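One structure below.
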Amino acid sequence: MVDLSVDIAGMRLKNPVMPASGTFSEDLAELFDIECLGAHVTKTITRGRRDGNPTPRVCEVDGSMLNSIGIPSKGVADFLKKTVPFYRAYDTPLVASISGNTTEEFATLCREVTVEGVDAIEVNVSCPNIEEDGKAFAIRPSSTYAVMRELRKATHLPLWAKLTPNTGETSEVARAAEEGGADALVVANTLLAMAIDVRTRRPKLGNLMGGLSGPSLKPIALRMAYQCAKATRIPVIGCGGIATSDDVLEFLIAGATAVQVGTATFINPTAMVTIIADLERRLEVERIASVRDLIGTVADGEQKAAVVFMEAAP
Amino acid sequence: MVDLSVDIAGMRLKNPVMPASGTFSEDLAELFDIECLGAHVTKTITRGRRDGNPTPRVCEVDGSMLNSIGIPSKGVADFLKKTVPFYRAYDTPLVASISGNTTEEFATLCREVTVEGVDAIEVNVSCPNIEEDGKAFAIRPSSTYAVMRELRKATHLPLWAKLTPNTGETSEVARAAEEGGADALVVANTLLAMAIDVRTRRPKLGNLMGGLSGPSLKPIALRMAYQCAKATRIPVIGCGGIATSDDVLEFLIAGATAVQVGTATFINPTAMVTIIADLERRLEVERIASVRDLIGTVADGEQKAAVVFMEAAP
Amino acid sequence: MGTLTSLSTVRAKARPPSVFERDLSVVFNEPVNGEYVRLALAAPSHLLERCRAGQFFHLLCPASGEDKPYLRRPMSIYGFFPKQGELHFLYKVTGAGTRALSKLCTGDSLNVLGPLGVGFRIEDDWRNLVLVARGVGLATLAPLALEARNRGRHLTAICSARSHDVLMSLDYFAEMGAEIITVTDADGTSEMGNVEKIIKRLVAGRGVDAFYTCGSNRMLTLLQALGQRYHIPGETALEQQMACGLGMCHCCVRPFRKAGALVQLRVCREGPVFDLQEAMPW
Amino acid sequence: MGTLTSLSTVRAKARPPSVFERDLSVVFNEPVNGEYVRLALAAPSHLLERCRAGQFFHLLCPASGEDKPYLRRPMSIYGFFPKQGELHFLYKVTGAGTRALSKLCTGDSLNVLGPLGVGFRIEDDWRNLVLVARGVGLATLAPLALEARNRGRHLTAICSARSHDVLMSLDYFAEMGAEIITVTDADGTSEMGNVEKIIKRLVAGRGVDAFYTCGSNRMLTLLQALGQRYHIPGETALEQQMACGLGMCHCCVRPFRKAGALVQLRVCREGPVFDLQEAMPW
Ligand SMILES: Cc1cc2nc3c(=O)[nH]c(=O)nc-3n(C[C@H](O)[C@H](O)[C@H](O)COP(=O)(O)OP(=O)(O)OC[C@H]3O[C@@H](n4cnc5c(N)ncnc54)[C@H](O)[C@@H]3O)c2cc1C
Ligand SMILES: Cc1cc2nc3c(=O)[nH]c(=O)nc-3n(C[C@H](O)[C@H](O)[C@H](O)COP(=O)(O)OP(=O)(O)OC[C@H]3O[C@@H](n4cnc5c(N)ncnc54)[C@H](O)[C@@H]3O)c2cc1C
Ligand SMILES: Cc1cc2nc3c(=O)[nH]c(=O)nc-3n(C[C@H](O)[C@H](O)[C@H](O)COP(=O)(O)O)c2cc1C
Ligand SMILES: Cc1cc2nc3c(=O)[nH]c(=O)nc-3n(C[C@H](O)[C@H](O)[C@H](O)COP(=O)(O)O)c2cc1C
Ligand code: FES
Ligand code: FES
């Protein structure tokens with residue numbers, strides 16, 4: 001018997017595999033018993049109702065996808081009334097993903113979702129900060145630190161900060177989130193991208209730009225997960241292009257404690273079930289007693305001192 | 001007869017297709033007549049000799065590649081003695097790519113390659129600035145502006161600034177380069193990424209991290225090319241994952257004036273020849289008189305005002 | 001959405017899965033005419049028994065040559081035959097996914113996800129049904145003929161196409177005992193004025209209890225007008241770009257008129273079949 | 001590098017291409033034993049006439065099922081037969097690229113780039129050649145037997161393998177008139193001490209003018225020592241991860257001892273065949 005359980009800031013997960021926010025919902029329970037997952041992570045909500053972006057909201061690029069959903073939300077009241085009770089039927093921890101365009105709105109929502117049934121709060125700091133220049137909080141260390149500090153005051157629940165790949169300062173932002181009070185880092189959200197239909201000359205997304213997710217994102221997210229694990233002492237949850245148990249191993253070895261699976265579920269809705277089973281089998285075959293024995297075991301020996309320098313010089 | 005020629009800061013190119021630095025050399029002349037290209041762009045050189053990074057320097061990721069060559073260089077003397085004379089046999093403009101770790105070294109090299117036979121200088125500001133924290137010049141607008149201003153003083157030749165995707169401030173960096181004196185922008189270099197062999201737990205690159213190039217980079221580079229074309233008034237040269245004439249059209253429609261082809265040449269060494277022929281045929285079929293009629297014709301109507309906001313909120 | 005709220009009390013995991021992800025084997029995959037291909041898959045009866053006209057499957061099209069489709073492709077159920085153990089699709093080859101699909105050979109396997117979405121409603125007192133279909137809309141509406149026959153309703157199928165050569169599914173409708181009216185651009189019979197006349201004749205004749213349509217904006221607008229004038233209810237199937245197909249991603253929304261306001265509904269979950277009057281022409 | 005500097009005076013575009021990118025058709029692609037596959041492609045004679053033992057081709061392995069190799073894969077020329085119009089490779093199935101390669105059927109086409117790199121040297125006064133090969137190194141060394149025969153040299157091939165079952169190319173060497181000595185782990189004959197004894201006997205006997213090896217670190221080290229002791233020159237073929245295969249990307253460098261210093265040379269361009277003494281064990 002291998003041990004798949006991991007610990008994220010005092011929260012025990014039966015296995016390190018959970019869905020990524022926005023790529024999971026109650027609907028998936030029609031396909032398999034979602035009690036098998038390490039955690040349930042809900043779609044990001046905002047305080048008030050939001051419609052989201054114009055369609056088309058999705059398009060395909062070479063072996064991956066772009067989306068510009070734009071966080072449609074039924075608001076916090078609906079979330080507390082319908083979503084939280086649904087997941088109460090499960091023992092699996094519930095992680096509520098939230099977002100706000102100002103620090104105050106963000107903190108208020110954080111307080112509002114601090115309710116029984118919610119076990120941790122994932123704060124999507126990859127959303128725009130309209131009090132500054134509209135760039136996402138997590139693009140800069142300073143705005144990351146500022147918003148995290150206020151969120152920290154708003155809840156006693158574990159706070160997971162979800163970072164963006166749209167930055168040149170991953171390590172600095174990770175440290176800022178930790179200093180601001182994050183208990184864990186989710187690395188990462190989608191990468192800003194674009195596609196144009198050359199026949200019609202129209203952007204393939206109604207919103208012009210959107211976020212890249214899927215296999216193309218994996219090497220970038222893996223690099224970020226590694227950087228974050230080196231830069232901080234809090235657990236890192238890897239996310240980006242994970243589709244197989246090999247991908248999970250790659251993130252764990254790089255330093256992640258758990259992973260989130262997003263786009264892969266759209267291609268194979270039972271991907272997470274398969275990954276968990278494969279992971280268990282792999283550990284058995286390789287006689288690894290606990291999945292925790294893999295975390296951060298990358299053989300980076302001589303190179304790691306030079307990481308900062310290398311960051312800039314591929 | 002369709003007109004494929006484009007103008008980059010006063011330099012006429014017979015067509016908009018040229019190789020990306022580091023993915024082209026004299027060796028390709030063994031396969032086809034490289035006179036057919038829009039320009040010849042040489043591998044980045046540094047002033048002195050450099051060995052480059054440890055091996056393996058390349059690995060494959062899902063449908064793309066990572067590299068960590070590390071700019072091995074024979075130095076400027078070798079470049080002037082061997083490389084420049086080789087290309088003098090061609091009418092095609094020669095673009096010399098240079099890099100330096102300090103502003104002074106960079107500017108000196110810029111002066112040194114301002115010789116007859118070199119028609120433009122591509123400045124690889126995606127290299128680390130060791131006078132600050134080792135991050136690439138082009139990660140921040142301030143360091144981009146500072147280095148460009150010195151480079152501008154060092155040469156009368158057209159200066160192409162090659163930007164990095166490892167930033168959250170593409171538009172700002174583009175404007176800083178323009179203000180610092182760049183005549184054109186090359187968008188973009190490789191994106192920092194990583195891969196681990198899960199069997200050996202060793203990084204797949206000797207240097208731990210490396211740059212992602214190929215199809216996965218395309219939607220990101222396209223977004224950047226669009227942003228740069230909107231943010232500045234200087235020509236943009238698109239680069240990232242371009243492999244077909246459709247890809248070229250996509251970049252031109254997004255606002256690029258020309259393109260560079262990198263990794264695609266490794267897969268199909270005659271890719272550029274095919275692209276140029278296909279491009280000509282496409283324009284004929286669609287009765288477009290000049291390739292210049294395509295530049296920036298993306299139907300972004302209502303959305304473009306909201307670009308900054310969207311940048312942060314996929 | 002009814003099922004969703006009930007889930008909060010009845011624990012979902014206690015229930016058997018209502019949506020299947022399966023590799024099915026190709027029985028045949030044959031061109032119907034220059035543009036369309038009919039695909040038959042061997043499917044287990046417990047899957048086929050869950051199918052309803054108007055629902056769809058999300059197909060994982062294989063890579064084929066240069067074509068490497070990544071996302072699944074939604075495709076309406078064209079026919080479901082529990083006795084023969086077959087699931088049918090009718091598709092038009094338009095891009096990478098359907099091109100790859102068209103290369104499948106007998107015996108190859110195809111991963112499908114479904115049945116998904118909400119199918120057509122046939123209320124108990126809807127005796128005389130009229131469907132108006134054009135182009136690929138036929139694929140979506142065809143199994144309605146099957147359900148109408150199974151439930152003893154009278155169905156009139158107005159089939160529109162560019163020309164008689166590309167008119168499809170006439171045999172299918174005939175077999176299901178539907179009354180068929182064909183109109184074509186070539187004959188000049190497909191223009192809206194004529195279709196309107198035909199429908200008015202049906203209304204005046206044996207009467208019409210419900211309209212069904214799919215695939216044409218002009219048809220939708222015409223039926224909305226006639227529906228309002230004669231107080232005839234109806235339904236339409238709609239399309240939208242999809243990622244998950246299951247209701248999770250909110251990619252596939254469209255706007256609908258509901259109680260005076262515009263609401264965004266998911267084509268994959270609240271649809272693909274919607275109330276005729278609530279739908280918005282695009 | 002001689003060709004490179006000459007290019008600066010003689011305009012490259014005036015010359016016919018010396019490297020080809022071509023789709024070639026598969027004649028056969030058959031397993032040799034449990035691990036290795038032999039692939040024959042139909043190739044035009046002007047391409048085959050440019051091939052030399054020790055050179056390689058860069059193969060664009062097709063996607064196949066889950067395997068989607070992206071970069072080309074370098075593969076030594078195993079045989080080139082202008083008269084039959086065939087180009088042969090011998091490869092070991094190790095990962096995505098070679099797995100995809102192994103699925104090719106007669107008549108399928110494969111895009112190749114080559115011939116690339118610098119092949120083995122056989123100086124005019126090298127009469128007695130000795131090659132020592134193990135595993136896939138055989139694939140690279142085999143065509144040397146062909147060249148030796150064509151140029152009337154005597155070749156002794158010392159072939160090493162785990163067991164007799166996986167010893168390959170013996171027929172090939174025999175056909176080319178080479179003298180064959182086999183050593184295996186199973187027999188205990190492949191250990192270095194014994195190989196050393198065998199080679200010393202050859203040196204003492206008819207004499208050895210040049211050594212050739214590939215694929216084994218221990219063999220390289222042994223031959224370097226014997227080469228130094230007896231002043232026998234030699235060459236070795238080396239491998240490295242590659243991207244372009246043409247000399248453009250500098251991915252494929254390895255360190256070499258040249259005039260007391262370490263220099264980085266490109267395996268694809270300055271190699272894959274290098275001077276025995278300059279090469280560094282890995
Ligand atoms: C519920 C539903 C049922 C459908 N039923 C049928 C059917 O029975 N027969 C049939 O021929 N077609 C049907 N379609 C349309 C079919 O899904 C598209 O033709 C198909 O996805 C095109 O894929 P492609 O790769 O060949 O084309 P591409 O144009 O290359 O597709 C690119 C992307 O756009 C999406 N896309 C393109 N057209 C459509 C469309 N009309 N609707 C939604 N997404 C689209 C694709 O799924 C893919 O993600 C249906 C669509 C929906 C939403
Ligand atoms: C000049 C040269 C000649 C060669 N000749 C032969 C031959 O005749 N027969 C034979 O079986 N093998 C030969 N090899 C090794 C062969 O290239 C690799 O076995 C093959 O690339 C493995 O690809 P894969 O996708 O199956 O394996 P994977 O391990 O999945 O490959 C992953 C990546 O690593 C590269 N790679 C893996 N192993 C090697 C290697 N040993 N050398 C260089 N790159 C590697 C691949 O090209 C690919 O880019 C040669 C290598 C070189 C450099
Ligand atoms: C359709 C879609 C919707 C998403 N919505 C959200 C969201 O609401 N909140 C969030 O933090 N991330 C959201 N994401 C990002 C994912 O959670 C994840 O970070 C990203 O997709 C990378 O993982 P993947 O490559 O496994 O998909 C969304 C991604 C997709 C594809
Ligand atoms: C092997 C390799 C070496 C490169 N060397 C350089 C270089 O020396 N200077 C530079 O500015 N860019 C270099 N690049 C980046 C390319 O010029 C190009 O910006 C990048 O690869 C994206 O384009 P692509 O996707 O078409 O390859 C290199 C890329 C690769 C793959
Ligand atoms: S396609 Fe994901 S919600 Fe409809
Ligand atoms: S593989 Fe590119 S230089 Fe050798």
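Every chain in the structure tokens takes a letter, A first, then B, and so on in the order presented; its residues are numbered from 1, and the ligands are numbered from 1 following the presented order.
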Practice prompt. Determine, counting only C-alpha atoms, which protein, DNA and RNA residues have an atom within 12 Å of an atom of B:Met272; residues of the same chain fewer than 5 positions away are not included. Present the result as a ChimeraX atom specification.
Written response: /B:15-20,23-24,28,31-40,242-245,247-248,259-267,277-279
Prev. selection, N, CA and C atoms, output as a short mmCIF file (atom, residue, chain, number, x, y, z; two decimals), in the first residue's frame:
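Saved result, selection-v7.cif, follows:
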data_model
loop_
_atom_site.label_atom_id
_atom_site.label_comp_id
_atom_site.auth_asym_id
_atom_site.auth_seq_id
_atom_site.Cartn_x
_atom_site.Cartn_y
_atom_site.Cartn_z
N ASN B 15 11.04 40.39 -49.33
CA ASN B 15 9.86 39.73 -48.78
C ASN B 15 9.97 39.77 -47.26
N PRO B 16 8.86 39.49 -46.56
CA PRO B 16 8.86 39.72 -45.12
C PRO B 16 9.38 38.53 -44.29
N VAL B 17 10.03 37.57 -44.95
CA VAL B 17 10.41 36.34 -44.24
C VAL B 17 11.92 36.26 -44.06
N MET B 18 12.35 36.19 -42.82
CA MET B 18 13.78 36.08 -42.53
C MET B 18 13.99 35.09 -41.38
N PRO B 19 15.21 34.59 -41.23
CA PRO B 19 15.46 33.64 -40.15
C PRO B 19 15.55 34.36 -38.80
N ALA B 20 15.29 33.61 -37.72
CA ALA B 20 15.46 34.12 -36.36
C ALA B 20 16.89 33.85 -35.92
N THR B 23 19.09 30.40 -35.24
CA THR B 23 18.48 29.24 -35.91
C THR B 23 18.86 29.25 -37.39
N PHE B 24 19.95 29.92 -37.69
CA PHE B 24 20.36 30.15 -39.08
C PHE B 24 21.86 30.31 -39.10
N LEU B 28 23.13 26.71 -43.90
CA LEU B 28 21.86 26.49 -44.59
C LEU B 28 22.00 26.69 -46.10
N LEU B 31 21.63 23.87 -48.50
CA LEU B 31 20.33 23.30 -48.85
C LEU B 31 19.58 24.08 -49.92
N PHE B 32 19.68 25.38 -49.84
CA PHE B 32 18.98 26.18 -50.86
C PHE B 32 19.67 27.52 -50.99
N ASP B 33 19.29 28.27 -52.01
CA ASP B 33 19.89 29.57 -52.25
C ASP B 33 19.32 30.58 -51.26
N ILE B 34 20.10 30.93 -50.26
CA ILE B 34 19.59 31.80 -49.20
C ILE B 34 19.39 33.24 -49.67
N GLU B 35 19.70 33.49 -50.92
CA GLU B 35 19.38 34.81 -51.49
C GLU B 35 17.88 35.05 -51.56
N CYS B 36 17.09 33.98 -51.45
CA CYS B 36 15.63 34.13 -51.54
C CYS B 36 15.02 34.75 -50.28
N LEU B 37 15.79 34.87 -49.21
CA LEU B 37 15.23 35.35 -47.94
C LEU B 37 15.13 36.88 -47.90
N GLY B 38 14.24 37.35 -47.05
CA GLY B 38 14.06 38.80 -46.90
C GLY B 38 15.27 39.46 -46.27
N ALA B 39 15.92 38.77 -45.35
CA ALA B 39 17.15 39.27 -44.72
C ALA B 39 17.91 38.08 -44.16
N HIS B 40 19.18 38.29 -43.87
CA HIS B 40 19.98 37.28 -43.17
C HIS B 40 20.24 37.79 -41.76
N ILE B 242 6.39 30.42 -35.88
CA ILE B 242 5.93 30.57 -37.27
C ILE B 242 6.47 29.42 -38.12
N ALA B 243 5.56 28.72 -38.78
CA ALA B 243 5.96 27.54 -39.55
C ALA B 243 5.30 27.47 -40.92
N THR B 244 4.23 28.23 -41.13
CA THR B 244 3.49 28.17 -42.40
C THR B 244 3.13 29.57 -42.87
N SER B 245 2.66 29.66 -44.10
CA SER B 245 2.25 30.97 -44.62
C SER B 245 1.03 31.49 -43.85
N ASP B 247 0.62 31.18 -40.68
CA ASP B 247 1.20 31.80 -39.48
C ASP B 247 1.71 33.20 -39.82
N VAL B 248 2.34 33.34 -40.97
CA VAL B 248 2.84 34.65 -41.38
C VAL B 248 1.68 35.62 -41.53
N VAL B 259 8.39 38.94 -40.48
CA VAL B 259 8.46 37.85 -39.51
C VAL B 259 9.81 37.16 -39.55
N GLN B 260 10.13 36.50 -38.45
CA GLN B 260 11.31 35.64 -38.39
C GLN B 260 10.87 34.21 -38.13
N VAL B 261 11.55 33.29 -38.78
CA VAL B 261 11.25 31.87 -38.63
C VAL B 261 12.42 31.21 -37.92
N GLY B 262 12.16 30.55 -36.81
CA GLY B 262 13.22 29.93 -36.04
C GLY B 262 13.14 28.42 -36.07
N THR B 263 12.54 27.88 -35.03
CA THR B 263 12.49 26.43 -34.82
C THR B 263 11.96 25.66 -36.03
N ALA B 264 11.04 26.24 -36.77
CA ALA B 264 10.47 25.54 -37.92
C ALA B 264 11.56 25.09 -38.89
N THR B 265 12.64 25.86 -38.99
CA THR B 265 13.75 25.50 -39.88
C THR B 265 14.44 24.21 -39.41
N PHE B 266 14.40 23.96 -38.11
CA PHE B 266 15.02 22.72 -37.61
C PHE B 266 14.19 21.51 -38.03
N ILE B 267 12.90 21.70 -38.12
CA ILE B 267 12.01 20.59 -38.48
C ILE B 267 12.00 20.41 -40.00
N ALA B 277 7.02 30.98 -51.02
CA ALA B 277 6.28 30.57 -52.22
C ALA B 277 4.77 30.52 -51.94
N ASP B 278 4.41 29.96 -50.79
CA ASP B 278 2.99 29.86 -50.43
C ASP B 278 2.38 31.24 -50.25
N LEU B 279 3.14 32.13 -49.66
CA LEU B 279 2.65 33.48 -49.40
C LEU B 279 2.33 34.16 -50.72
#
Item to complete: Considering only C-alpha atoms, return as an NGL selection string whatever protein or nucleic-acid residues lie within 12 Å of stretch 44-51 of chain A, sequence-local ones (same chain, fewer than 3 positions apart) excluded.
Response: (:A and (20-25 or 41 or 54-55 or 69-80 or 83 or 95-102 or 104-113 or 121-127 or 162 or 189)) or (:C and (248-251 or 253-255 or 262-265))
Practice prompt. Could you pull out the residues in stretch 14-212 of chain D that DSSP calls alpha helix (DSSP H) from the backbone, as a count of residues only?
Written response: 44
Worksheet item: Taking every C-alpha atom in sequence order, what RMSD separates chain C from chain D after the best least-squares fit?
Response: 0.0 Å
Env. residues ligand 2 / 6 Å / only C-alpha atoms and all ligand atoms / as a PDB file with N, CA, C and O atoms, in the first residue's frame:
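The file below, part37.pdb, is the result:
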ATOM      1  N   CYS B  59      15.937  19.956 -25.591  1.00  0.00           N
ATOM      2  CA  CYS B  59      15.048  18.819 -25.355  1.00  0.00           C
ATOM      3  C   CYS B  59      13.698  19.129 -25.968  1.00  0.00           C
ATOM      4  O   CYS B  59      13.390  20.267 -26.307  1.00  0.00           O
ATOM      5  N   GLU B  60      12.950  18.062 -26.102  1.00  0.00           N
ATOM      6  CA  GLU B  60      11.651  18.174 -26.739  1.00  0.00           C
ATOM      7  C   GLU B  60      10.594  18.259 -25.652  1.00  0.00           C
ATOM      8  O   GLU B  60      10.685  17.571 -24.645  1.00  0.00           O
TER       9      GLU B  60
ATOM     10  N   PHE D  56      25.348  10.687 -41.247  1.00  0.00           N
ATOM     11  CA  PHE D  56      24.023  10.342 -40.737  1.00  0.00           C
ATOM     12  C   PHE D  56      22.935  11.120 -41.477  1.00  0.00           C
ATOM     13  O   PHE D  56      23.234  12.046 -42.247  1.00  0.00           O
ATOM     14  N   LEU D  71      11.048  17.118 -32.824  1.00  0.00           N
ATOM     15  CA  LEU D  71      12.349  17.305 -33.477  1.00  0.00           C
ATOM     16  C   LEU D  71      12.665  16.106 -34.376  1.00  0.00           C
ATOM     17  O   LEU D  71      12.126  15.018 -34.191  1.00  0.00           O
ATOM     18  N   ARG D  73      15.156  13.060 -35.683  1.00  0.00           N
ATOM     19  CA  ARG D  73      16.021  12.125 -34.961  1.00  0.00           C
ATOM     20  C   ARG D  73      17.214  11.775 -35.829  1.00  0.00           C
ATOM     21  O   ARG D  73      17.044  11.354 -36.981  1.00  0.00           O
ATOM     22  N   PRO D  74      18.445  11.918 -35.281  1.00  0.00           N
ATOM     23  CA  PRO D  74      19.627  11.564 -36.074  1.00  0.00           C
ATOM     24  C   PRO D  74      19.810  10.053 -36.140  1.00  0.00           C
ATOM     25  O   PRO D  74      19.614   9.356 -35.146  1.00  0.00           O
ATOM     26  N   MET D  75      20.190   9.552 -37.309  1.00  0.00           N
ATOM     27  CA  MET D  75      20.376   8.110 -37.464  1.00  0.00           C
ATOM     28  C   MET D  75      21.515   7.873 -38.458  1.00  0.00           C
ATOM     29  O   MET D  75      21.509   8.398 -39.569  1.00  0.00           O
ATOM     30  N   SER D  76      22.496   7.068 -38.022  1.00  0.00           N
ATOM     31  CA  SER D  76      23.633   6.767 -38.886  1.00  0.00           C
ATOM     32  C   SER D  76      23.193   6.016 -40.131  1.00  0.00           C
ATOM     33  O   SER D  76      22.235   5.229 -40.091  1.00  0.00           O
ATOM     34  N   LEU D  90      19.720   1.117 -39.211  1.00  0.00           N
ATOM     35  CA  LEU D  90      19.507   0.089 -38.198  1.00  0.00           C
ATOM     36  C   LEU D  90      19.284   0.832 -36.891  1.00  0.00           C
ATOM     37  O   LEU D  90      20.170   1.572 -36.449  1.00  0.00           O
ATOM     38  N   TYR D  91      18.115   0.663 -36.300  1.00  0.00           N
ATOM     39  CA  TYR D  91      17.861   1.474 -35.102  1.00  0.00           C
ATOM     40  C   TYR D  91      17.263   0.661 -33.970  1.00  0.00           C
ATOM     41  O   TYR D  91      16.620  -0.372 -34.170  1.00  0.00           O
ATOM     42  N   LYS D  92      17.490   1.174 -32.786  1.00  0.00           N
ATOM     43  CA  LYS D  92      16.986   0.567 -31.570  1.00  0.00           C
ATOM     44  C   LYS D  92      15.748   1.353 -31.149  1.00  0.00           C
ATOM     45  O   LYS D  92      15.772   2.588 -31.147  1.00  0.00           O
ATOM     46  N   VAL D  93      14.688   0.660 -30.799  1.00  0.00           N
ATOM     47  CA  VAL D  93      13.466   1.353 -30.382  1.00  0.00           C
ATOM     48  C   VAL D  93      13.630   1.790 -28.923  1.00  0.00           C
ATOM     49  O   VAL D  93      13.716   0.955 -28.024  1.00  0.00           O
ATOM     50  N   THR D  94      13.746   3.111 -28.723  1.00  0.00           N
ATOM     51  CA  THR D  94      13.995   3.591 -27.360  1.00  0.00           C
ATOM     52  C   THR D  94      12.936   4.562 -26.844  1.00  0.00           C
ATOM     53  O   THR D  94      12.629   4.564 -25.667  1.00  0.00           O
ATOM     54  N   GLY D  95      12.387   5.387 -27.715  1.00  0.00           N
ATOM     55  CA  GLY D  95      11.427   6.388 -27.244  1.00  0.00           C
ATOM     56  C   GLY D  95      10.409   6.718 -28.320  1.00  0.00           C
ATOM     57  O   GLY D  95      10.169   5.925 -29.242  1.00  0.00           O
ATOM     58  N   ALA D  96       9.824   7.905 -28.195  1.00  0.00           N
ATOM     59  CA  ALA D  96       8.709   8.296 -29.066  1.00  0.00           C
ATOM     60  C   ALA D  96       9.089   8.251 -30.553  1.00  0.00           C
ATOM     61  O   ALA D  96       8.311   7.772 -31.385  1.00  0.00           O
ATOM     62  N   GLY D  97      10.272   8.748 -30.880  1.00  0.00           N
ATOM     63  CA  GLY D  97      10.643   8.862 -32.287  1.00  0.00           C
ATOM     64  C   GLY D  97      10.876   7.509 -32.931  1.00  0.00           C
ATOM     65  O   GLY D  97      10.332   7.202 -33.997  1.00  0.00           O
ATOM     66  N   THR D  98      11.678   6.689 -32.280  1.00  0.00           N
ATOM     67  CA  THR D  98      11.987   5.386 -32.860  1.00  0.00           C
ATOM     68  C   THR D  98      10.777   4.452 -32.787  1.00  0.00           C
ATOM     69  O   THR D  98      10.589   3.607 -33.652  1.00  0.00           O
ATOM     70  N   ARG D  99       9.933   4.642 -31.786  1.00  0.00           N
ATOM     71  CA  ARG D  99       8.699   3.853 -31.718  1.00  0.00           C
ATOM     72  C   ARG D  99       7.821   4.187 -32.928  1.00  0.00           C
ATOM     73  O   ARG D  99       7.308   3.287 -33.598  1.00  0.00           O
ATOM     74  N   VAL D 136      24.366  -0.511 -30.617  1.00  0.00           N
ATOM     75  CA  VAL D 136      23.937   0.254 -31.773  1.00  0.00           C
ATOM     76  C   VAL D 136      25.124   0.870 -32.496  1.00  0.00           C
ATOM     77  O   VAL D 136      24.995   1.353 -33.624  1.00  0.00           O
ATOM     78  N   ALA D 139      25.628  -0.146 -36.061  1.00  0.00           N
ATOM     79  CA  ALA D 139      24.907   0.498 -37.153  1.00  0.00           C
ATOM     80  C   ALA D 139      25.787   1.536 -37.821  1.00  0.00           C
ATOM     81  O   ALA D 139      25.793   1.691 -39.039  1.00  0.00           O
ATOM     82  N   THR D 140      26.548   2.237 -37.005  1.00  0.00           N
ATOM     83  CA  THR D 140      27.390   3.311 -37.516  1.00  0.00           C
ATOM     84  C   THR D 140      28.633   2.768 -38.213  1.00  0.00           C
ATOM     85  O   THR D 140      29.091   3.317 -39.215  1.00  0.00           O
ATOM     86  N   GLU D 239      27.746  10.631 -30.172  1.00  0.00           N
ATOM     87  CA  GLU D 239      26.350  11.063 -30.232  1.00  0.00           C
ATOM     88  C   GLU D 239      26.123  12.270 -29.332  1.00  0.00           C
ATOM     89  O   GLU D 239      26.850  12.477 -28.371  1.00  0.00           O
ATOM     90  N   GLN D 240      25.142  13.032 -29.664  1.00  0.00           N
ATOM     91  CA  GLN D 240      24.698  14.126 -28.807  1.00  0.00           C
ATOM     92  C   GLN D 240      23.282  14.506 -29.228  1.00  0.00           C
ATOM     93  O   GLN D 240      22.907  14.305 -30.382  1.00  0.00           O
ATOM     94  N   GLN D 241      22.492  15.039 -28.278  1.00  0.00           N
ATOM     95  CA  GLN D 241      21.160  15.541 -28.612  1.00  0.00           C
ATOM     96  C   GLN D 241      21.289  16.591 -29.714  1.00  0.00           C
ATOM     97  O   GLN D 241      22.159  17.453 -29.632  1.00  0.00           O
ATOM     98  N   MET D 242      20.410  16.556 -30.678  1.00  0.00           N
ATOM     99  CA  MET D 242      20.506  17.505 -31.785  1.00  0.00           C
ATOM    100  C   MET D 242      19.183  18.212 -32.027  1.00  0.00           C
ATOM    101  O   MET D 242      18.120  17.657 -31.754  1.00  0.00           O
ATOM    102  N   PRO D 272      29.829  13.444 -37.079  1.00  0.00           N
ATOM    103  CA  PRO D 272      29.907  12.714 -35.800  1.00  0.00           C
ATOM    104  C   PRO D 272      31.170  11.888 -35.621  1.00  0.00           C
ATOM    105  O   PRO D 272      31.387  11.332 -34.567  1.00  0.00           O
TER     106      PRO D 272
END
Worksheet item: Near stretch 266-269 of chain D, counting only C-alpha atoms, which residues have an atom at most 6 Å away, once you skip same-chain residues fewer than 6 positions from it, shown as a list in words?
Response: Gly117, Gly245, Gly247, Cys252 and Val253 of chain D
Item to complete: Return as a PyMOL selection string the residues belonging to chain C that are within 9 Å of chain D, counting only C-alpha atoms.
Response: chain C and resi 62-65
